[in-house]
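Shown here: query.cif, mmCIF, C-alpha atoms.
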```cif
data_coords
#
loop_
_atom_site.label_atom_id
_atom_site.label_comp_id
_atom_site.auth_asym_id
_atom_site.auth_seq_id
_atom_site.Cartn_x
_atom_site.Cartn_y
_atom_site.Cartn_z
CA MET A 1 -20.40 -8.09 0.94
CA THR A 2 -22.54 -7.16 3.92
CA THR A 3 -20.95 -4.79 6.40
CA ALA A 4 -22.18 -4.05 9.90
CA MET A 5 -23.26 -0.54 10.79
CA GLU A 6 -20.15 1.56 11.32
CA LEU A 7 -19.47 4.04 14.04
CA ASP A 8 -17.74 6.39 11.60
CA PRO A 9 -18.68 10.04 11.40
CA HIS A 10 -19.45 11.74 8.10
CA PRO A 11 -21.62 9.18 6.28
CA GLU A 12 -22.39 11.93 3.78
CA ILE A 13 -18.70 12.06 2.81
CA ARG A 14 -18.56 8.29 2.41
CA GLU A 15 -21.62 8.35 0.15
CA ALA A 16 -20.45 11.32 -1.94
CA VAL A 17 -16.96 9.88 -2.48
CA ALA A 18 -18.40 6.44 -3.27
CA ARG A 19 -20.54 8.02 -6.00
CA ILE A 20 -17.43 9.55 -7.60
CA CYS A 21 -15.55 6.25 -7.33
CA ALA A 22 -18.43 4.40 -9.02
CA GLY A 23 -17.44 6.14 -12.25
CA PHE A 24 -14.08 4.35 -12.29
CA ASP A 25 -14.17 0.57 -12.58
CA LEU A 26 -11.54 -2.00 -11.63
CA ASP A 27 -10.24 -2.18 -15.19
CA TYR A 28 -9.47 1.54 -15.07
CA TRP A 29 -7.27 1.04 -12.02
CA ARG A 30 -5.57 -1.96 -13.60
CA ARG A 31 -4.74 0.05 -16.72
CA CYS A 32 -3.29 2.92 -14.67
CA ASP A 33 -1.07 0.44 -12.83
CA GLU A 34 0.03 -1.44 -15.95
CA GLU A 35 0.65 1.66 -18.03
CA GLY A 36 2.42 3.55 -15.23
CA ARG A 37 -0.11 6.34 -15.74
CA PHE A 38 -1.23 8.78 -13.07
CA ALA A 39 -5.01 8.51 -12.59
CA ARG A 40 -5.56 12.08 -13.69
CA GLU A 41 -9.25 11.69 -14.54
CA PHE A 42 -9.99 10.44 -11.04
CA PHE A 43 -7.84 13.12 -9.44
CA GLU A 44 -9.71 15.82 -11.37
CA ALA A 45 -13.08 14.38 -10.32
CA ILE A 46 -12.07 14.43 -6.64
CA ARG A 47 -10.57 17.91 -7.00
CA ASP A 48 -13.61 19.31 -8.80
CA ALA A 49 -15.86 17.96 -6.03
CA GLY A 50 -13.81 19.94 -3.49
CA PHE A 51 -12.35 16.99 -1.58
CA LEU A 52 -8.70 18.06 -1.84
CA SER A 53 -9.52 20.75 0.70
CA ILE A 54 -11.25 18.46 3.16
CA ILE A 55 -8.83 19.13 6.02
CA MET A 56 -7.60 22.60 5.07
CA PRO A 57 -8.63 25.71 7.08
CA ALA A 58 -12.05 27.08 6.21
CA GLU A 59 -10.81 30.68 6.26
CA LEU A 60 -8.56 29.86 3.29
CA GLY A 61 -11.23 28.12 1.26
CA GLY A 62 -10.87 24.64 2.70
CA ALA A 63 -13.61 22.52 4.24
CA GLY A 64 -11.93 22.44 7.69
CA LEU A 65 -13.54 19.10 8.53
CA GLY A 66 -10.63 17.41 10.29
CA MET A 67 -8.75 14.15 10.26
CA GLN A 68 -11.76 11.89 10.80
CA ALA A 69 -13.40 13.23 7.65
CA ALA A 70 -10.16 12.81 5.69
CA ALA A 71 -9.78 9.23 6.94
CA VAL A 72 -13.32 8.38 5.81
CA MET A 73 -12.59 9.89 2.41
CA VAL A 74 -9.36 8.04 1.66
CA ARG A 75 -10.66 4.76 3.07
CA THR A 76 -13.71 5.00 0.80
CA ILE A 77 -11.47 5.69 -2.20
CA ALA A 78 -9.32 2.63 -1.52
CA GLU A 79 -12.28 0.41 -0.63
CA ALA A 80 -14.01 1.15 -3.96
CA GLY A 81 -11.30 -0.95 -5.62
CA GLY A 82 -8.76 1.70 -6.50
CA GLY A 83 -6.54 0.80 -3.55
CA TRP A 84 -3.31 2.75 -3.34
CA THR A 85 -3.47 3.48 -7.07
CA ALA A 86 -6.48 5.69 -6.32
CA ALA A 87 -5.59 6.94 -2.84
CA SER A 88 -2.12 8.07 -3.91
CA THR A 89 -3.67 10.72 -6.15
CA VAL A 90 -4.83 12.66 -3.06
CA HIS A 91 -2.65 11.25 -0.27
CA ALA A 92 0.00 13.98 -0.27
CA TYR A 93 -2.62 16.73 -0.06
CA ILE A 94 -3.85 15.44 3.30
CA PHE A 95 -0.90 14.83 5.61
CA GLY A 96 2.01 16.85 4.23
CA PRO A 97 0.54 20.36 4.52
CA MET A 98 -0.49 19.82 8.14
CA SER A 99 2.93 21.10 9.26
CA ILE A 100 2.16 24.33 7.40
CA VAL A 101 -1.30 24.51 8.99
CA ALA A 102 0.13 23.99 12.49
CA HIS A 103 3.35 26.00 12.29
CA GLY A 104 3.10 28.38 9.35
CA SER A 105 2.54 32.08 10.00
CA PRO A 106 -0.74 33.58 8.76
CA GLU A 107 1.18 34.96 5.77
CA LYS A 108 2.65 31.54 4.94
CA ARG A 109 -0.68 29.75 5.25
CA ALA A 110 -2.38 32.34 3.05
CA ARG A 111 0.35 32.02 0.42
CA MET A 112 1.14 28.30 0.48
CA LEU A 113 -2.18 26.55 1.11
CA PRO A 114 -4.62 27.98 -1.50
CA PRO A 115 -2.66 26.50 -4.47
CA LEU A 116 -2.90 23.10 -2.76
CA ILE A 117 -6.58 23.55 -1.88
CA SER A 118 -7.39 24.28 -5.52
CA GLY A 119 -5.09 21.57 -6.89
CA ARG A 120 -3.04 24.10 -8.88
CA GLU A 121 0.12 22.82 -7.18
CA ARG A 122 1.05 19.30 -6.17
CA PRO A 123 3.19 18.62 -3.07
CA CYS A 124 5.56 15.79 -2.20
CA PHE A 125 7.28 14.83 1.06
CA GLY A 126 11.08 14.72 1.29
CA VAL A 127 12.40 13.30 4.56
CA THR A 128 13.88 9.80 4.11
CA GLU A 129 17.47 9.51 2.88
CA PRO A 130 19.30 6.46 1.50
CA SER A 131 22.05 6.53 4.12
CA THR A 132 19.85 7.07 7.19
CA GLY A 133 16.47 5.41 6.55
CA LEU A 134 14.23 5.97 9.56
CA ASP A 135 17.02 7.52 11.65
CA THR A 136 15.71 10.96 10.72
CA THR A 137 17.94 12.94 13.07
CA ARG A 138 21.00 11.72 11.12
CA ILE A 139 19.96 13.09 7.74
CA ARG A 140 22.77 14.62 5.69
CA THR A 141 20.87 17.11 3.55
CA ARG A 142 22.22 20.55 4.51
CA ALA A 143 20.67 23.99 4.31
CA VAL A 144 23.17 26.84 4.55
CA ARG A 145 21.84 30.34 5.01
CA ARG A 146 23.40 33.20 3.10
CA GLY A 147 21.52 36.43 3.64
CA ASP A 148 17.79 35.89 3.15
CA THR A 149 18.22 32.63 1.24
CA TYR A 150 19.00 29.05 2.21
CA TYR A 151 20.96 26.89 -0.21
CA ILE A 152 20.06 23.23 0.17
CA THR A 153 22.14 20.28 -0.99
CA GLY A 154 21.46 16.60 -0.38
CA GLN A 155 19.56 13.51 -1.43
CA LYS A 156 16.13 12.07 -0.60
CA VAL A 157 14.68 8.68 -1.45
CA TRP A 158 11.20 7.12 -1.72
CA THR A 159 9.76 10.55 -2.41
CA THR A 160 6.47 9.47 -3.97
CA GLY A 161 5.09 11.85 -6.55
CA ALA A 162 8.30 13.87 -6.86
CA ALA A 163 8.26 13.51 -10.66
CA ILE A 164 4.96 15.43 -10.90
CA ALA A 165 5.29 17.70 -7.84
CA ASP A 166 5.62 21.48 -7.84
CA ARG A 167 6.72 21.74 -4.18
CA ILE A 168 8.49 19.52 -1.68
CA LEU A 169 8.11 19.62 2.09
CA LEU A 170 11.81 19.23 2.75
CA LEU A 171 13.67 18.46 5.98
CA ALA A 172 17.30 19.59 6.12
CA ARG A 173 19.95 20.12 8.76
CA THR A 174 20.76 23.79 9.39
CA THR A 175 23.14 23.14 12.32
CA PRO A 176 25.65 20.24 12.30
CA ILE A 177 24.53 17.51 14.68
CA GLU A 178 27.77 17.68 16.67
CA GLU A 179 26.97 21.31 17.52
CA THR A 180 23.50 20.57 18.92
CA ALA A 181 22.45 19.64 22.44
CA ARG A 182 20.19 16.86 21.14
CA PRO A 183 20.03 15.07 17.78
CA VAL A 184 16.49 16.38 17.14
CA ASP A 185 17.80 19.95 17.28
CA GLY A 186 19.26 21.76 14.30
CA LEU A 187 16.80 20.42 11.74
CA SER A 188 14.64 22.83 9.72
CA LEU A 189 11.59 22.31 7.53
CA PHE A 190 11.07 24.03 4.17
CA PHE A 191 8.32 24.17 1.58
CA ALA A 192 10.65 24.37 -1.38
CA PRO A 193 10.12 24.63 -5.14
CA MET A 194 10.99 21.62 -7.29
CA ASP A 195 13.28 23.75 -9.45
CA PRO A 196 14.68 21.49 -12.23
CA ARG A 197 17.82 23.62 -12.40
CA HIS A 198 18.75 22.38 -8.93
CA VAL A 199 16.66 19.25 -8.44
CA THR A 200 17.03 15.95 -10.33
CA VAL A 201 14.36 13.28 -9.96
CA ARG A 202 14.95 9.61 -10.72
CA PRO A 203 12.00 7.15 -10.50
CA ILE A 204 12.63 3.82 -8.72
CA PRO A 205 11.28 0.68 -10.47
CA LYS A 206 9.14 -1.11 -7.89
CA HIS A 207 6.87 -4.07 -7.09
CA GLY A 208 3.52 -2.24 -7.17
CA LEU A 209 1.80 1.12 -7.45
CA GLY A 210 3.02 1.67 -10.98
CA SER A 211 0.69 4.64 -11.49
CA ILE A 212 2.80 7.07 -9.50
CA ALA A 213 6.59 7.04 -9.24
CA SER A 214 8.49 6.84 -5.99
CA CYS A 215 11.75 8.63 -6.59
CA GLU A 216 15.29 9.43 -5.66
CA VAL A 217 15.69 13.19 -5.45
CA PHE A 218 19.10 14.83 -5.88
CA ILE A 219 19.33 18.43 -4.68
CA GLU A 220 22.24 20.73 -5.54
CA GLU A 221 22.40 24.28 -4.12
CA LEU A 222 18.63 24.73 -4.28
CA PRO A 223 17.88 28.34 -3.30
CA VAL A 224 14.96 28.62 -0.86
CA PRO A 225 13.89 32.01 0.52
CA VAL A 226 13.80 32.37 4.30
CA GLN A 227 10.06 33.01 4.06
CA ASP A 228 9.60 29.43 2.77
CA ARG A 229 10.91 27.94 6.03
CA ILE A 230 8.17 26.43 8.20
CA GLY A 231 8.51 27.33 11.87
CA GLU A 232 11.70 28.46 13.54
CA GLU A 233 15.14 27.47 12.34
CA GLY A 234 16.31 24.33 14.13
CA HIS A 235 12.78 23.29 15.17
CA GLY A 236 11.92 21.40 11.98
CA PHE A 237 11.63 17.99 13.62
CA ARG A 238 8.92 19.28 15.97
CA CYS A 239 7.07 20.81 13.01
CA LEU A 240 7.39 17.56 11.09
CA LEU A 241 5.49 15.64 13.78
CA ASP A 242 2.31 17.44 12.72
CA SER A 243 2.64 15.70 9.36
CA LEU A 244 3.91 12.32 10.58
CA ASN A 245 0.95 11.39 12.78
CA PRO A 246 -1.57 12.38 10.08
CA GLU A 247 0.45 10.35 7.58
CA ARG A 248 0.15 7.22 9.73
CA ILE A 249 -3.59 7.79 10.15
CA MET A 250 -4.10 8.27 6.42
CA VAL A 251 -2.02 5.19 5.60
CA ALA A 252 -4.04 3.15 8.09
CA ALA A 253 -7.37 4.32 6.63
CA GLU A 254 -6.27 3.63 3.05
CA THR A 255 -4.95 0.23 4.08
CA VAL A 256 -8.23 -0.76 5.74
CA GLY A 257 -9.88 0.19 2.45
CA ILE A 258 -7.52 -2.05 0.47
CA GLY A 259 -8.25 -4.99 2.78
CA ARG A 260 -12.00 -4.42 2.51
CA ALA A 261 -11.79 -4.25 -1.29
CA ALA A 262 -9.92 -7.55 -1.48
CA LEU A 263 -12.26 -9.20 1.00
CA GLY A 264 -15.28 -8.04 -1.00
CA LEU A 265 -13.89 -9.47 -4.23
CA ALA A 266 -13.10 -12.76 -2.49
CA ALA A 267 -16.56 -13.09 -0.95
CA ARG A 268 -18.24 -12.37 -4.27
CA TYR A 269 -16.10 -14.94 -6.05
CA ALA A 270 -16.72 -17.53 -3.31
CA LYS A 271 -20.50 -17.14 -3.77
CA GLU A 272 -20.23 -17.71 -7.53
CA ARG A 273 -17.48 -20.29 -7.99
CA GLU A 274 -18.52 -23.96 -8.05
CA VAL A 275 -16.14 -26.87 -7.44
CA PHE A 276 -17.19 -30.48 -6.78
CA GLY A 277 -20.82 -29.52 -7.32
CA ARG A 278 -21.07 -26.81 -4.65
CA LYS A 279 -20.23 -23.16 -4.14
CA ILE A 280 -16.80 -22.84 -2.55
CA GLY A 281 -18.27 -20.24 -0.18
CA GLN A 282 -20.09 -23.10 1.56
CA ASN A 283 -16.79 -24.52 2.74
CA GLN A 284 -15.60 -23.44 6.16
CA ALA A 285 -12.02 -23.51 4.90
CA ILE A 286 -13.04 -20.57 2.72
CA GLN A 287 -15.52 -18.95 5.10
CA HIS A 288 -13.50 -18.83 8.28
CA PRO A 289 -10.37 -17.03 7.03
CA LEU A 290 -12.54 -14.43 5.29
CA ALA A 291 -14.65 -13.95 8.41
CA GLN A 292 -11.53 -13.52 10.50
CA GLY A 293 -10.19 -11.02 7.98
CA TRP A 294 -13.38 -8.97 8.32
CA MET A 295 -13.02 -8.86 12.11
CA GLU A 296 -9.37 -7.85 11.98
CA LEU A 297 -10.05 -5.08 9.46
CA GLU A 298 -12.91 -3.72 11.55
CA ALA A 299 -10.69 -3.65 14.64
CA ALA A 300 -7.98 -1.80 12.69
CA ASN A 301 -10.59 0.68 11.45
CA LEU A 302 -11.73 1.44 15.00
CA MET A 303 -8.14 2.19 16.06
CA THR A 304 -7.71 4.38 12.98
CA MET A 305 -10.80 6.43 13.80
CA LYS A 306 -9.74 6.70 17.44
CA ALA A 307 -6.38 8.13 16.37
CA ALA A 308 -8.12 10.55 13.99
CA ALA A 309 -10.53 11.67 16.73
CA LEU A 310 -7.65 12.30 19.13
CA TYR A 311 -5.83 14.33 16.48
CA ASP A 312 -8.94 16.43 15.84
CA ALA A 313 -9.28 17.02 19.58
CA LYS A 314 -5.63 18.20 19.68
CA GLN A 315 -4.78 15.34 22.03
CA PRO A 316 -1.60 13.21 21.89
CA CYS A 317 -2.15 10.47 19.32
CA GLY A 318 1.29 9.07 18.49
CA ALA A 319 0.67 5.65 20.02
CA GLU A 320 -2.78 5.33 18.44
CA ALA A 321 -1.61 6.54 15.01
CA ASN A 322 1.28 4.08 14.98
CA ALA A 323 -0.91 1.25 16.30
CA ALA A 324 -3.53 1.95 13.63
CA LYS A 325 -0.92 1.76 10.90
CA PHE A 326 0.47 -1.50 12.32
CA LEU A 327 -2.91 -3.19 12.75
CA ALA A 328 -4.20 -2.08 9.35
CA ALA A 329 -1.06 -3.28 7.58
CA GLU A 330 -1.22 -6.70 9.23
CA ALA A 331 -4.95 -7.12 8.61
CA ALA A 332 -4.95 -5.92 5.00
CA ASN A 333 -1.90 -7.88 3.94
CA LYS A 334 -3.45 -11.04 5.41
CA ALA A 335 -6.84 -10.31 3.82
CA CYS A 336 -5.29 -9.73 0.40
CA ARG A 337 -3.33 -12.97 0.61
CA GLN A 338 -6.48 -14.85 1.59
CA ALA A 339 -8.38 -13.19 -1.27
CA MET A 340 -5.81 -14.57 -3.71
CA ILE A 341 -6.06 -18.03 -2.13
CA THR A 342 -9.86 -17.90 -2.39
CA HIS A 343 -9.56 -17.24 -6.12
CA GLY A 344 -7.15 -20.14 -6.54
CA GLY A 345 -5.04 -19.83 -9.69
CA TYR A 346 -7.17 -16.93 -10.85
CA GLY A 347 -5.96 -14.96 -7.84
CA TYR A 348 -2.64 -14.68 -9.65
CA ALA A 349 -4.31 -13.38 -12.81
CA LYS A 350 -4.54 -9.63 -13.34
CA GLU A 351 -8.04 -10.08 -14.72
CA TYR A 352 -9.40 -10.68 -11.21
CA HIS A 353 -7.67 -7.64 -9.64
CA VAL A 354 -6.78 -9.11 -6.25
CA GLU A 355 -3.12 -9.55 -7.23
CA ARG A 356 -2.80 -5.76 -7.63
CA LEU A 357 -4.35 -5.17 -4.22
CA ALA A 358 -2.02 -7.80 -2.74
CA ARG A 359 1.02 -6.04 -4.19
CA GLU A 360 -0.21 -2.71 -2.86
CA SER A 361 -0.87 -4.21 0.59
CA MET A 362 2.89 -4.59 1.07
CA ILE A 363 3.39 -0.82 1.01
CA PRO A 364 2.02 -0.14 4.53
CA VAL A 365 3.95 -3.12 5.90
CA LEU A 366 7.14 -1.29 4.91
CA ALA A 367 6.21 2.39 5.03
CA PRO A 368 6.07 5.07 6.30
CA VAL A 369 7.59 3.20 9.26
CA GLY A 370 8.40 -0.50 9.56
CA GLN A 371 6.31 -2.79 11.73
CA ALA A 372 9.20 -3.60 14.07
CA LEU A 373 9.84 0.07 14.78
CA VAL A 374 6.15 0.57 15.61
CA LEU A 375 6.43 -2.23 18.16
CA SER A 376 9.51 -0.57 19.65
CA TYR A 377 7.67 2.77 19.81
CA ILE A 378 4.74 1.22 21.69
CA ALA A 379 7.08 -0.67 24.03
CA GLU A 380 8.98 2.51 24.93
CA ARG A 381 6.27 5.19 24.86
CA VAL A 382 3.30 3.20 26.20
CA LEU A 383 4.81 0.40 28.30
CA ASP A 384 7.78 2.48 29.52
CA LEU A 385 10.33 -0.18 28.55
CA PRO A 386 13.96 0.78 27.88
CA LYS A 387 14.98 1.82 24.39
CA SER A 388 16.17 -1.15 22.37
CA TYR A 389 18.15 0.55 19.62
#
```

Target encoding structure tokens, full file:
Amino acid sequence: MTTAMELDPHPEIREAVARICAGFDLDYWRRCDEEGRFAREFFEAIRDAGFLSIIMPAELGGAGLGMQAAAVMVRTIAEAGGGWTAASTVHAYIFGPMSIVAHGSPEKRARMLPPLISGRERPCFGVTEPSTGLDTTRIRTRAVRRGDTYYITGQKVWTTGAAIADRILLLARTTPIEETARPVDGLSLFFAPMDPRHVTVRPIPKHGLGSIASCEVFIEELPVPVQDRIGEEGHGFRCLLDSLNPERIMVAAETVGIGRAALGLAARYAKEREVFGRKIGQNQAIQHPLAQGWMELEAANLMTMKAAALYDAKQPCGAEANAAKFLAAEAANKACRQAMITHGGYGYAKEYHVERLARESMIPVLAPVGQALVLSYIAERVLDLPKSY
């Protein structure tokens, strides 16, 4: 499929990552999904090429290239056909550690980040809880300090990659909410070990992305040294924001990639498939929805890169990051559906791959924040309308 010249930075990253992705065909990604197998070979290829460190500080061995470079990388990975099955192998290395980068002491950064940069340790992200959902200030996981150690007890849900993680970026309440001036106070952030003596992980059967488990995590008296707390006690929510905006930007970039991959497969099929003596790609009923999908994905990409540029410039980017996630989710989900329709009955067949991309395109519609809550955020923070919930 022909694409117009992009305004993205880092074409060298796009080309280098695309060369790695070329070694993994669509059947590889289908097998990982069907077998519930982590794409370890792909992860190792990306790691060995140094891309896990793309956003990490240069003084610690990272590339220090920023959020725009990371967005180009993950979008390229998804667009090559791997979708979320591929992007999820590196996703947690990009956004989660940013709270450590922004709020960790020099000692913490020097101790915690190199194992992630090298790929020796794998992180996961533990915020959402089954009883609170997106109402993060109401989480029930508690961290009680005794001497120089916190003991954490609680439950997290939808913690993707927890079954293979060594560490969890974990939000817990250190002061009861009724004793705080504001609900956002009294929360603390930890980079805790996934100690099996205190942590039980239970994978959740789900609709797509079979290659990496999303899990329930049960935590019982997990000891975490004070030196593994990120930022000051009670200021964890503020620290968390430096991971949440990058997460939305990464999700948006990956989602644009999924939409582009589906659109490319649909356009190729439309040029080859003949019905009633003519290529179906000649029919405007096929052409127009695909053309509209291309435009919507390009618009979502521009918002994604704007949010990434603002983040790199240390400017407020909450509205842009949320908008990018919203626009990308809408555009990619629509493009994937249209790709299935273009294939007709074969769109439902695993052999043609678009059904996997369509299943994966539902993830950003639902996570890391629902579409309706993004609309509420924009209404309140940008348009200055009263809070609706």

So that I can check the surroundings of Arg19 of chain A, please list as a ChimeraX atom specification every protein, DNA and RNA residue that reaches within 12 Å of it, counting all atoms listed in the file and ignoring chain neighbours fewer than 6 positions away.
/A:12-13,25,42,45-46,49,73,76-77,80

Name the residues in contact with Arg356 of chain A at a cut-off of 9 Å, using only C-alpha atoms, excluding same-chain residues fewer than 4 positions from it; report them as a ChimeraX atom specification.
/A:30,33,83,208-209,350,352,360-361

Near Met295 of chain A, within 10 Å and counting all atoms listed in the file, which residues show up once chain neighbours fewer than 6 positions away are dropped, as number ranges by chain?
A: 289, 301, 331

Could you jot down the atom CA of Val72 of chain A to atom CA of His288 of chain A separation for me, Å, one decimal place?
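So the two atoms, atom CA of Val72 of chain A and atom CA of His288 of chain A, lie 27.3 Å apart.
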
Given all atoms listed in the file as the counted atoms, nearest of A:Trp158, A:Tyr150, A:Phe51, A:Phe218 to Ile204 of chain A
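Looking at the shortest contact to Ile204 of chain A, the residue is A:Trp158.
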
Check which residues of segment 134-251 of chain A sit at most 8 Å from segment 116-128 of chain A using all atoms listed in the file, and return one row each with the closest pair of atoms and their distance in Å to one decimal, ordered by chain and rising number, as a Markdown table.
```
| residue | atom | partner | partner_atom | distance |
| --- | --- | --- | --- | --- |
| A:Leu134 | CA | A:Thr128 | CA | 6.7 |
| A:Thr136 | CA | A:Thr128 | CA | 7.0 |
| A:Ile139 | CA | A:Thr128 | CA | 7.8 |
| A:Lys156 | CA | A:Thr128 | CA | 5.7 |
| A:Val157 | CA | A:Thr128 | CA | 5.7 |
| A:Trp158 | CA | A:Thr128 | CA | 7.0 |
| A:Thr159 | CA | A:Gly126 | CA | 5.7 |
| A:Thr160 | CA | A:Cys124 | CA | 6.6 |
| A:Gly161 | CA | A:Cys124 | CA | 5.9 |
| A:Ala162 | CA | A:Cys124 | CA | 5.7 |
| A:Ile164 | CA | A:Arg122 | CA | 7.3 |
| A:Ala165 | CA | A:Arg122 | CA | 4.8 |
| A:Asp166 | CA | A:Arg122 | CA | 5.3 |
| A:Arg167 | CA | A:Pro123 | CA | 4.8 |
| A:Ile168 | CA | A:Cys124 | CA | 4.8 |
| A:Leu169 | CA | A:Phe125 | CA | 5.0 |
| A:Leu170 | CA | A:Gly126 | CA | 4.8 |
| A:Leu171 | CA | A:Val127 | CA | 5.5 |
```

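With all atoms listed in the file as the atoms that count, the minimum distance from Arg173 of chain A to the choices A:Thr153, A:Ser214, A:Thr141, A:Asn245 is reached by A:Thr141.
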
Nearest candidate to Ala324 of chain A (options A:Met98, A:Ala87, A:Ile212, A:Val365; using all atoms listed in the file):
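Answer, going by the shortest atom-to-atom distance: A:Val365.
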
Near Val144 of chain A, within 12 Å and counting only C-alpha atoms, which residues show up once chain neighbours fewer than 4 positions away are dropped, as number ranges by chain?
A: 148-154, 172-176, 186-188, 220-226, 233

What's the separation between atom CA of Ala372 of chain A and atom CA of Pro97 of chain A, in Å to one decimal place?
27.2 Å

I'd like the interatomic distance between atom CA of Arg337 of chain A and atom CA of Gln284 of chain A, to a tenth of an Å.
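Interatomic distance here is 17.1 Å.
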
Tell me which residues the PyMOL selection byres ((chain A and resi 94) around 9) grabs here, as a ChimeraX atom specification.
/A:52-56,67,70,90-93,95-98,243,246-247,250

If the PyMOL selection byres ((chain A and resi 259-274) around 6) is run on the structure shown, which residues does it catch, given as a PyMOL selection string?
chain A and resi 1+79+81+256-258+275+278-281+332+335-336+339+354

Given only C-alpha atoms as the counted atoms, nearest of A:Arg40, A:Gly62, A:Pro130, A:Cys317 to Leu241 of chain A
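The closest residue to Leu241 of chain A is A:Cys317.
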